[in-house]
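Below is one structure, written out as structure tokens, with a few remarks after it.
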Amino acid sequence: MWLFLVLFLPIVQGSYPLMAVSNAVSGPVRGSLTVQCRYEPGWETYKKWWCQGANWENCRILVKTNGSGEKAKGNQVSIQDNQKMHMFTVTMEELRWNDADTYWCGIEKSGTDLGVKVKVTIDPVTMQCHYGPEWETYVRSWCQDADLSSCNIVVQTTGSELKKNHVSINQKKCTFSMLIWGK
């Protein structure tokens with residue numbers, strides 16, 4: 001005797017045909033990040049896009065497909081539509097602090113396009129400087145220039161920790177760490 005179990009997955013009426021795999025992504029300065037956006041069957045040949053701006057109806061489109069599975073490239077961003085998997089992948093490269101923003105995965109269609117919000121953040125950078133015990137009583141500084149004679153000091157400390165602008169110095173035995181973050 002055979003027993004069969006049949007599982008029916010209901011199709012939710014009115015569900016949105018586009019979704020981002022993750023609605024918040026991050027990457028390191030000068031590094032890259034990827035965003036995957038899934039869509040329901042039937043949208044394969046539509047143009048897909050990636051845009052930047054708080055409001056998707058008037059955001060700036062950075063890259064757009066031509067409706068095929070070919071990879072499209074923009075300035076430091078690309079988009080590839082895998083029509084068999086019903087998913088397109090956006091890759092942002094050479095990330096900068098000002099890339100942190102609201103972005104949108106989108107599908108171009110007649111009437112109002114489909115759009116899904118994705119928040120992009122840039123990871124803070126940590127650097128460590130080591131020094132000998134004979135320098136323990138000196139002020140620790142971090143400069144924005146390689147030439148020490150014309151150096152613009154961004155932050156310095158004589159205590160254990162100081163935060164200024166987008167830089168933090170944390171001082172421990174013979175080491176100080178700088179944490180740098182964007183806007």
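Chains: A, B, ... in order of the structure tokens. Residues: from 1 per chain. Ligands: from 1, in order shown.
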Within 10 Å of range 26-39 of chain A, counting only C-alpha atoms, which residues qualify if same-chain residues fewer than 6 places away don't, as a PDB file with N, CA and C atoms, in the first residue's frame?
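around.pdb written:
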```
ATOM      1  N   TYR A  16       3.254  41.032  -4.007  1.00  0.00           N
ATOM      2  CA  TYR A  16       4.100  41.856  -4.863  1.00  0.00           C
ATOM      3  C   TYR A  16       5.023  40.950  -5.664  1.00  0.00           C
ATOM      4  N   PRO A  17       5.126  41.136  -6.977  1.00  0.00           N
ATOM      5  CA  PRO A  17       5.902  40.218  -7.809  1.00  0.00           C
ATOM      6  C   PRO A  17       7.427  40.430  -7.782  1.00  0.00           C
ATOM      7  N   LEU A  18       7.916  41.361  -6.955  1.00  0.00           N
ATOM      8  CA  LEU A  18       9.338  41.651  -6.876  1.00  0.00           C
ATOM      9  C   LEU A  18       9.746  41.764  -5.421  1.00  0.00           C
ATOM     10  N   MET A  19      10.899  41.175  -5.060  1.00  0.00           N
ATOM     11  CA  MET A  19      11.410  41.317  -3.691  1.00  0.00           C
ATOM     12  C   MET A  19      12.930  41.264  -3.700  1.00  0.00           C
ATOM     13  N   ALA A  20      13.529  42.004  -2.776  1.00  0.00           N
ATOM     14  CA  ALA A  20      14.977  41.945  -2.588  1.00  0.00           C
ATOM     15  C   ALA A  20      15.257  40.809  -1.617  1.00  0.00           C
ATOM     16  N   LYS A  48      15.136  45.302 -16.242  1.00  0.00           N
ATOM     17  CA  LYS A  48      15.371  45.436 -14.790  1.00  0.00           C
ATOM     18  C   LYS A  48      16.323  46.605 -14.581  1.00  0.00           C
ATOM     19  N   TRP A  50      18.439  49.393 -11.498  1.00  0.00           N
ATOM     20  CA  TRP A  50      18.953  49.683 -10.150  1.00  0.00           C
ATOM     21  C   TRP A  50      19.101  51.192 -10.088  1.00  0.00           C
ATOM     22  N   GLN A  76      30.832  51.759 -12.160  1.00  0.00           N
ATOM     23  CA  GLN A  76      31.091  51.021 -10.923  1.00  0.00           C
ATOM     24  C   GLN A  76      29.899  50.190 -10.450  1.00  0.00           C
ATOM     25  N   VAL A  77      28.962  49.897 -11.359  1.00  0.00           N
ATOM     26  CA  VAL A  77      27.807  49.067 -11.017  1.00  0.00           C
ATOM     27  C   VAL A  77      27.420  48.235 -12.240  1.00  0.00           C
ATOM     28  N   SER A  78      26.982  47.003 -11.992  1.00  0.00           N
ATOM     29  CA  SER A  78      26.513  46.149 -13.083  1.00  0.00           C
ATOM     30  C   SER A  78      25.259  45.413 -12.629  1.00  0.00           C
ATOM     31  N   ILE A  79      24.513  44.928 -13.619  1.00  0.00           N
ATOM     32  CA  ILE A  79      23.288  44.183 -13.344  1.00  0.00           C
ATOM     33  C   ILE A  79      23.225  42.998 -14.301  1.00  0.00           C
ATOM     34  N   GLN A  80      22.878  41.837 -13.770  1.00  0.00           N
ATOM     35  CA  GLN A  80      22.780  40.603 -14.569  1.00  0.00           C
ATOM     36  C   GLN A  80      21.454  39.941 -14.237  1.00  0.00           C
ATOM     37  N   ASP A  81      20.669  39.651 -15.248  1.00  0.00           N
ATOM     38  CA  ASP A  81      19.365  39.022 -15.057  1.00  0.00           C
ATOM     39  C   ASP A  81      19.474  37.537 -15.371  1.00  0.00           C
ATOM     40  N   ASN A  82      19.246  36.693 -14.362  1.00  0.00           N
ATOM     41  CA  ASN A  82      19.200  35.244 -14.555  1.00  0.00           C
ATOM     42  C   ASN A  82      17.724  34.882 -14.723  1.00  0.00           C
ATOM     43  N   GLN A  83      17.280  34.854 -15.973  1.00  0.00           N
ATOM     44  CA  GLN A  83      15.854  34.677 -16.254  1.00  0.00           C
ATOM     45  C   GLN A  83      15.343  33.288 -15.876  1.00  0.00           C
ATOM     46  N   MET A  85      16.308  31.583 -13.230  1.00  0.00           N
ATOM     47  CA  MET A  85      16.151  31.582 -11.765  1.00  0.00           C
ATOM     48  C   MET A  85      15.203  32.678 -11.289  1.00  0.00           C
ATOM     49  N   HIS A  86      14.711  33.520 -12.220  1.00  0.00           N
ATOM     50  CA  HIS A  86      13.825  34.644 -11.879  1.00  0.00           C
ATOM     51  C   HIS A  86      14.465  35.554 -10.835  1.00  0.00           C
ATOM     52  N   MET A  87      15.717  35.939 -11.125  1.00  0.00           N
ATOM     53  CA  MET A  87      16.453  36.749 -10.173  1.00  0.00           C
ATOM     54  C   MET A  87      17.475  37.597 -10.935  1.00  0.00           C
ATOM     55  N   PHE A  88      17.606  38.867 -10.533  1.00  0.00           N
ATOM     56  CA  PHE A  88      18.702  39.652 -11.082  1.00  0.00           C
ATOM     57  C   PHE A  88      19.623  40.084  -9.954  1.00  0.00           C
ATOM     58  N   THR A  89      20.915  40.187 -10.304  1.00  0.00           N
ATOM     59  CA  THR A  89      21.956  40.506  -9.334  1.00  0.00           C
ATOM     60  C   THR A  89      22.607  41.821  -9.709  1.00  0.00           C
ATOM     61  N   VAL A  90      22.695  42.706  -8.729  1.00  0.00           N
ATOM     62  CA  VAL A  90      23.367  43.993  -8.903  1.00  0.00           C
ATOM     63  C   VAL A  90      24.689  43.913  -8.144  1.00  0.00           C
ATOM     64  N   THR A  91      25.768  44.353  -8.768  1.00  0.00           N
ATOM     65  CA  THR A  91      27.077  44.406  -8.121  1.00  0.00           C
ATOM     66  C   THR A  91      27.567  45.847  -8.144  1.00  0.00           C
ATOM     67  N   MET A  92      27.875  46.367  -6.973  1.00  0.00           N
ATOM     68  CA  MET A  92      28.478  47.699  -6.841  1.00  0.00           C
ATOM     69  C   MET A  92      29.945  47.493  -6.487  1.00  0.00           C
ATOM     70  N   GLU A  93      30.848  48.163  -7.208  1.00  0.00           N
ATOM     71  CA  GLU A  93      32.283  47.995  -7.000  1.00  0.00           C
ATOM     72  C   GLU A  93      32.939  49.316  -6.627  1.00  0.00           C
ATOM     73  N   GLU A  94      34.165  49.203  -6.071  1.00  0.00           N
ATOM     74  CA  GLU A  94      34.936  50.389  -5.669  1.00  0.00           C
ATOM     75  C   GLU A  94      34.079  51.329  -4.815  1.00  0.00           C
ATOM     76  N   LEU A  95      33.473  50.770  -3.773  1.00  0.00           N
ATOM     77  CA  LEU A  95      32.561  51.532  -2.920  1.00  0.00           C
ATOM     78  C   LEU A  95      33.245  52.734  -2.276  1.00  0.00           C
ATOM     79  N   ARG A  96      32.489  53.823  -2.182  1.00  0.00           N
ATOM     80  CA  ARG A  96      32.942  55.052  -1.539  1.00  0.00           C
ATOM     81  C   ARG A  96      31.967  55.379  -0.412  1.00  0.00           C
ATOM     82  N   TRP A  97      32.400  56.258   0.496  1.00  0.00           N
ATOM     83  CA  TRP A  97      31.530  56.639   1.618  1.00  0.00           C
ATOM     84  C   TRP A  97      30.193  57.169   1.117  1.00  0.00           C
ATOM     85  N   ASN A  98      30.205  57.972   0.040  1.00  0.00           N
ATOM     86  CA  ASN A  98      28.949  58.583  -0.430  1.00  0.00           C
ATOM     87  C   ASN A  98      28.056  57.609  -1.190  1.00  0.00           C
ATOM     88  N   ASP A  99      28.460  56.335  -1.314  1.00  0.00           N
ATOM     89  CA  ASP A  99      27.574  55.317  -1.886  1.00  0.00           C
ATOM     90  C   ASP A  99      26.521  54.855  -0.875  1.00  0.00           C
ATOM     91  N   ALA A 100      26.708  55.177   0.396  1.00  0.00           N
ATOM     92  CA  ALA A 100      25.709  54.822   1.411  1.00  0.00           C
ATOM     93  C   ALA A 100      24.441  55.615   1.122  1.00  0.00           C
ATOM     94  N   TRP A 104      17.055  51.107  -5.138  1.00  0.00           N
ATOM     95  CA  TRP A 104      15.844  50.376  -5.522  1.00  0.00           C
ATOM     96  C   TRP A 104      16.143  49.355  -6.606  1.00  0.00           C
ATOM     97  N   CYS A 105      15.654  48.130  -6.409  1.00  0.00           N
ATOM     98  CA  CYS A 105      15.585  47.127  -7.475  1.00  0.00           C
ATOM     99  C   CYS A 105      14.297  47.439  -8.211  1.00  0.00           C
ATOM    100  N   GLY A 106      14.331  47.422  -9.524  1.00  0.00           N
ATOM    101  CA  GLY A 106      13.107  47.749 -10.241  1.00  0.00           C
ATOM    102  C   GLY A 106      12.913  46.956 -11.505  1.00  0.00           C
ATOM    103  N   ILE A 107      11.648  46.877 -11.925  1.00  0.00           N
ATOM    104  CA  ILE A 107      11.261  46.269 -13.194  1.00  0.00           C
ATOM    105  C   ILE A 107      10.449  47.305 -13.954  1.00  0.00           C
ATOM    106  N   VAL A 116      11.541  47.947  -5.281  1.00  0.00           N
ATOM    107  CA  VAL A 116      11.734  47.454  -3.926  1.00  0.00           C
ATOM    108  C   VAL A 116      12.956  48.148  -3.332  1.00  0.00           C
ATOM    109  N   VAL A 118      16.203  49.026  -1.038  1.00  0.00           N
ATOM    110  CA  VAL A 118      17.371  48.367  -0.454  1.00  0.00           C
ATOM    111  C   VAL A 118      18.240  49.455   0.162  1.00  0.00           C
ATOM    112  N   LYS A 119      18.564  49.307   1.431  1.00  0.00           N
ATOM    113  CA  LYS A 119      19.425  50.270   2.123  1.00  0.00           C
ATOM    114  C   LYS A 119      20.871  49.786   2.025  1.00  0.00           C
ATOM    115  N   VAL A 120      21.747  50.643   1.502  1.00  0.00           N
ATOM    116  CA  VAL A 120      23.169  50.319   1.360  1.00  0.00           C
ATOM    117  C   VAL A 120      23.961  51.141   2.371  1.00  0.00           C
ATOM    118  N   THR A 121      24.807  50.466   3.155  1.00  0.00           N
ATOM    119  CA  THR A 121      25.697  51.149   4.089  1.00  0.00           C
ATOM    120  C   THR A 121      27.138  50.748   3.783  1.00  0.00           C
ATOM    121  N   ILE A 122      28.052  51.602   4.187  1.00  0.00           N
ATOM    122  CA  ILE A 122      29.472  51.334   3.993  1.00  0.00           C
ATOM    123  C   ILE A 122      30.068  51.023   5.361  1.00  0.00           C
ATOM    124  N   ASP A 123      30.784  49.910   5.440  1.00  0.00           N
ATOM    125  CA  ASP A 123      31.367  49.462   6.705  1.00  0.00           C
ATOM    126  C   ASP A 123      32.463  50.411   7.176  1.00  0.00           C
ATOM    127  N   PRO A 124      32.556  50.638   8.494  1.00  0.00           N
ATOM    128  CA  PRO A 124      33.662  51.451   9.008  1.00  0.00           C
ATOM    129  C   PRO A 124      35.006  50.753   8.800  1.00  0.00           C
ATOM    130  N   VAL A 125      36.061  51.541   8.776  1.00  0.00           N
ATOM    131  CA  VAL A 125      37.416  51.031   8.587  1.00  0.00           C
ATOM    132  C   VAL A 125      38.174  51.199   9.895  1.00  0.00           C
ATOM    133  N   TRP A 181      34.470  56.211   9.828  1.00  0.00           N
ATOM    134  CA  TRP A 181      33.170  55.881   9.249  1.00  0.00           C
ATOM    135  C   TRP A 181      32.684  57.041   8.402  1.00  0.00           C
ATOM    136  N   GLY A 182      31.707  56.757   7.568  1.00  0.00           N
ATOM    137  CA  GLY A 182      31.179  57.759   6.640  1.00  0.00           C
ATOM    138  C   GLY A 182      30.170  58.665   7.293  1.00  0.00           C
TER     139      GLY A 182
END
```
Per residue of range 67-156 of chain A within 7 Å of range 170-179 of chain A, note the shortest atom pair and the distance in Å to one decimal, counting only C-alpha atoms, and order the rows by chain and increasing residue number, as a tab-separated table.
```
residue	atom	partner	partner_atom	distance
A:Pro124	CA	A:Leu179	CA	6.6
A:Val125	CA	A:Leu179	CA	5.7
A:Thr126	CA	A:Leu179	CA	4.5
A:Met127	CA	A:Met178	CA	5.2
A:Gln128	CA	A:Ser177	CA	4.3
A:Cys129	CA	A:Phe176	CA	5.4
A:His130	CA	A:Thr175	CA	4.4
A:Tyr131	CA	A:Cys174	CA	5.1
A:Gly132	CA	A:Cys174	CA	5.9
A:Pro133	CA	A:Cys174	CA	6.0
A:Glu136	CA	A:Cys174	CA	6.7
```
Grab the residues selected above and save them as a CSV table (one decimal), in the first residue's frame with N, CA, C and O atoms.
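Below is the file that was written, result.csv:
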```
chain,number,residue,atom,x,y,z
A,124,PRO,N,32.6,50.6,8.5
A,124,PRO,CA,33.7,51.5,9.0
A,124,PRO,C,35.0,50.8,8.8
A,124,PRO,O,35.1,49.5,8.6
A,125,VAL,N,36.1,51.5,8.8
A,125,VAL,CA,37.4,51.0,8.6
A,125,VAL,C,38.2,51.2,9.9
A,125,VAL,O,38.1,52.3,10.5
A,126,THR,N,38.9,50.2,10.3
A,126,THR,CA,39.7,50.3,11.5
A,126,THR,C,41.2,50.1,11.1
A,126,THR,O,41.5,49.2,10.4
A,127,MET,N,42.0,51.0,11.7
A,127,MET,CA,43.5,50.9,11.5
A,127,MET,C,44.1,50.9,12.8
A,127,MET,O,43.7,51.6,13.7
A,128,GLN,N,45.2,50.2,13.0
A,128,GLN,CA,46.0,50.2,14.2
A,128,GLN,C,47.4,50.7,14.0
A,128,GLN,O,48.0,50.4,13.0
A,129,CYS,N,47.9,51.5,15.0
A,129,CYS,CA,49.2,52.0,15.0
A,129,CYS,C,49.9,51.5,16.2
A,129,CYS,O,49.4,51.7,17.3
A,130,HIS,N,51.0,50.9,16.1
A,130,HIS,CA,51.8,50.4,17.2
A,130,HIS,C,53.0,51.3,17.5
A,130,HIS,O,53.6,51.8,16.5
A,131,TYR,N,53.4,51.4,18.7
A,131,TYR,CA,54.5,52.3,19.1
A,131,TYR,C,55.2,51.7,20.3
A,131,TYR,O,54.6,50.9,21.1
A,132,GLY,N,56.4,52.1,20.5
A,132,GLY,CA,57.2,51.6,21.7
A,132,GLY,C,56.8,52.3,23.0
A,132,GLY,O,56.2,53.4,22.9
A,133,PRO,N,57.1,51.7,24.1
A,133,PRO,CA,56.8,52.2,25.4
A,133,PRO,C,57.3,53.6,25.6
A,133,PRO,O,56.8,54.4,26.4
A,136,GLU,N,54.8,56.4,25.1
A,136,GLU,CA,53.6,56.3,25.8
A,136,GLU,C,53.0,57.7,26.3
A,136,GLU,O,51.8,57.9,26.3
```
**OP:** Tell me which protein, DNA and RNA residues are within 8 Å of Trp56 in chain A, counting only C-alpha atoms, leaving out same-chain ones fewer than 4 positions away, and put them as number ranges by chain.
**Re:** A: 51-52, 103-104, 115, 117
Could you please take those selected residues and save all heavy atoms as an mmCIF file, in the first residue's frame?
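Saved result, selection.cif, follows:
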```cif
data_model
loop_
_atom_site.group_PDB
_atom_site.id
_atom_site.type_symbol
_atom_site.label_atom_id
_atom_site.label_comp_id
_atom_site.auth_asym_id
_atom_site.auth_seq_id
_atom_site.Cartn_x
_atom_site.Cartn_y
_atom_site.Cartn_z
ATOM 1 N N CYS A 51 18.457 51.802 -9.104
ATOM 2 C CA CYS A 51 18.540 53.256 -9.014
ATOM 3 C C CYS A 51 18.829 53.707 -7.595
ATOM 4 O O CYS A 51 18.652 52.953 -6.636
ATOM 5 C CB CYS A 51 17.295 53.916 -9.570
ATOM 6 S SG CYS A 51 15.831 53.779 -8.557
ATOM 7 N N GLN A 52 19.271 54.955 -7.471
ATOM 8 C CA GLN A 52 19.693 55.537 -6.200
ATOM 9 C C GLN A 52 18.821 56.742 -5.884
ATOM 10 O O GLN A 52 18.601 57.599 -6.731
ATOM 11 C CB GLN A 52 21.162 55.968 -6.305
ATOM 12 C CG GLN A 52 21.714 56.596 -5.057
ATOM 13 C CD GLN A 52 23.173 56.991 -5.231
ATOM 14 O OE1 GLN A 52 23.712 57.005 -6.329
ATOM 15 N NE2 GLN A 52 23.824 57.308 -4.127
ATOM 16 N N TYR A 103 18.591 52.621 -2.233
ATOM 17 C CA TYR A 103 18.595 52.182 -3.630
ATOM 18 C C TYR A 103 17.309 51.396 -3.880
ATOM 19 O O TYR A 103 16.591 51.033 -2.943
ATOM 20 C CB TYR A 103 19.810 51.299 -3.929
ATOM 21 C CG TYR A 103 21.121 52.053 -3.901
ATOM 22 C CD1 TYR A 103 21.754 52.343 -2.699
ATOM 23 C CD2 TYR A 103 21.719 52.479 -5.080
ATOM 24 C CE1 TYR A 103 22.953 53.037 -2.671
ATOM 25 C CE2 TYR A 103 22.919 53.170 -5.064
ATOM 26 C CZ TYR A 103 23.532 53.446 -3.856
ATOM 27 O OH TYR A 103 24.712 54.137 -3.836
ATOM 28 N N TRP A 104 17.055 51.107 -5.138
ATOM 29 C CA TRP A 104 15.844 50.376 -5.522
ATOM 30 C C TRP A 104 16.143 49.355 -6.606
ATOM 31 O O TRP A 104 16.810 49.673 -7.594
ATOM 32 C CB TRP A 104 14.790 51.347 -6.039
ATOM 33 C CG TRP A 104 14.381 52.358 -5.012
ATOM 34 C CD1 TRP A 104 15.027 53.526 -4.722
ATOM 35 C CD2 TRP A 104 13.285 52.280 -4.125
ATOM 36 N NE1 TRP A 104 14.374 54.180 -3.705
ATOM 37 C CE2 TRP A 104 13.297 53.442 -3.317
ATOM 38 C CE3 TRP A 104 12.273 51.341 -3.921
ATOM 39 C CZ2 TRP A 104 12.359 53.681 -2.336
ATOM 40 C CZ3 TRP A 104 11.318 51.591 -2.946
ATOM 41 C CH2 TRP A 104 11.374 52.749 -2.169
ATOM 42 N N GLY A 115 9.093 48.532 -7.861
ATOM 43 C CA GLY A 115 10.317 48.903 -7.166
ATOM 44 C C GLY A 115 10.339 48.391 -5.738
ATOM 45 O O GLY A 115 9.316 48.374 -5.059
ATOM 46 N N LYS A 117 12.793 48.689 -2.117
ATOM 47 C CA LYS A 117 13.840 49.451 -1.452
ATOM 48 C C LYS A 117 14.940 48.566 -0.874
ATOM 49 O O LYS A 117 14.663 47.527 -0.286
ATOM 50 C CB LYS A 117 13.230 50.269 -0.317
ATOM 51 C CG LYS A 117 14.213 51.214 0.348
ATOM 52 C CD LYS A 117 13.708 51.823 1.652
ATOM 53 C CE LYS A 117 12.483 52.639 1.525
ATOM 54 N NZ LYS A 117 12.186 53.423 2.746
#
```
*Would you work out the distance separating CA of Gln144 in chain A from CA of Asp101 in chain A, expressed in Å to one decimal?*
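Computing it gives 25.0 Å between the two atoms.
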Take CA of Glu108 in chain A and CA of Trp49 in chain A and report the distance between them in Å, one decimal.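 Computed distance, CA of Glu108 in chain A to CA of Trp49 in chain A, equals 7.4 Å.
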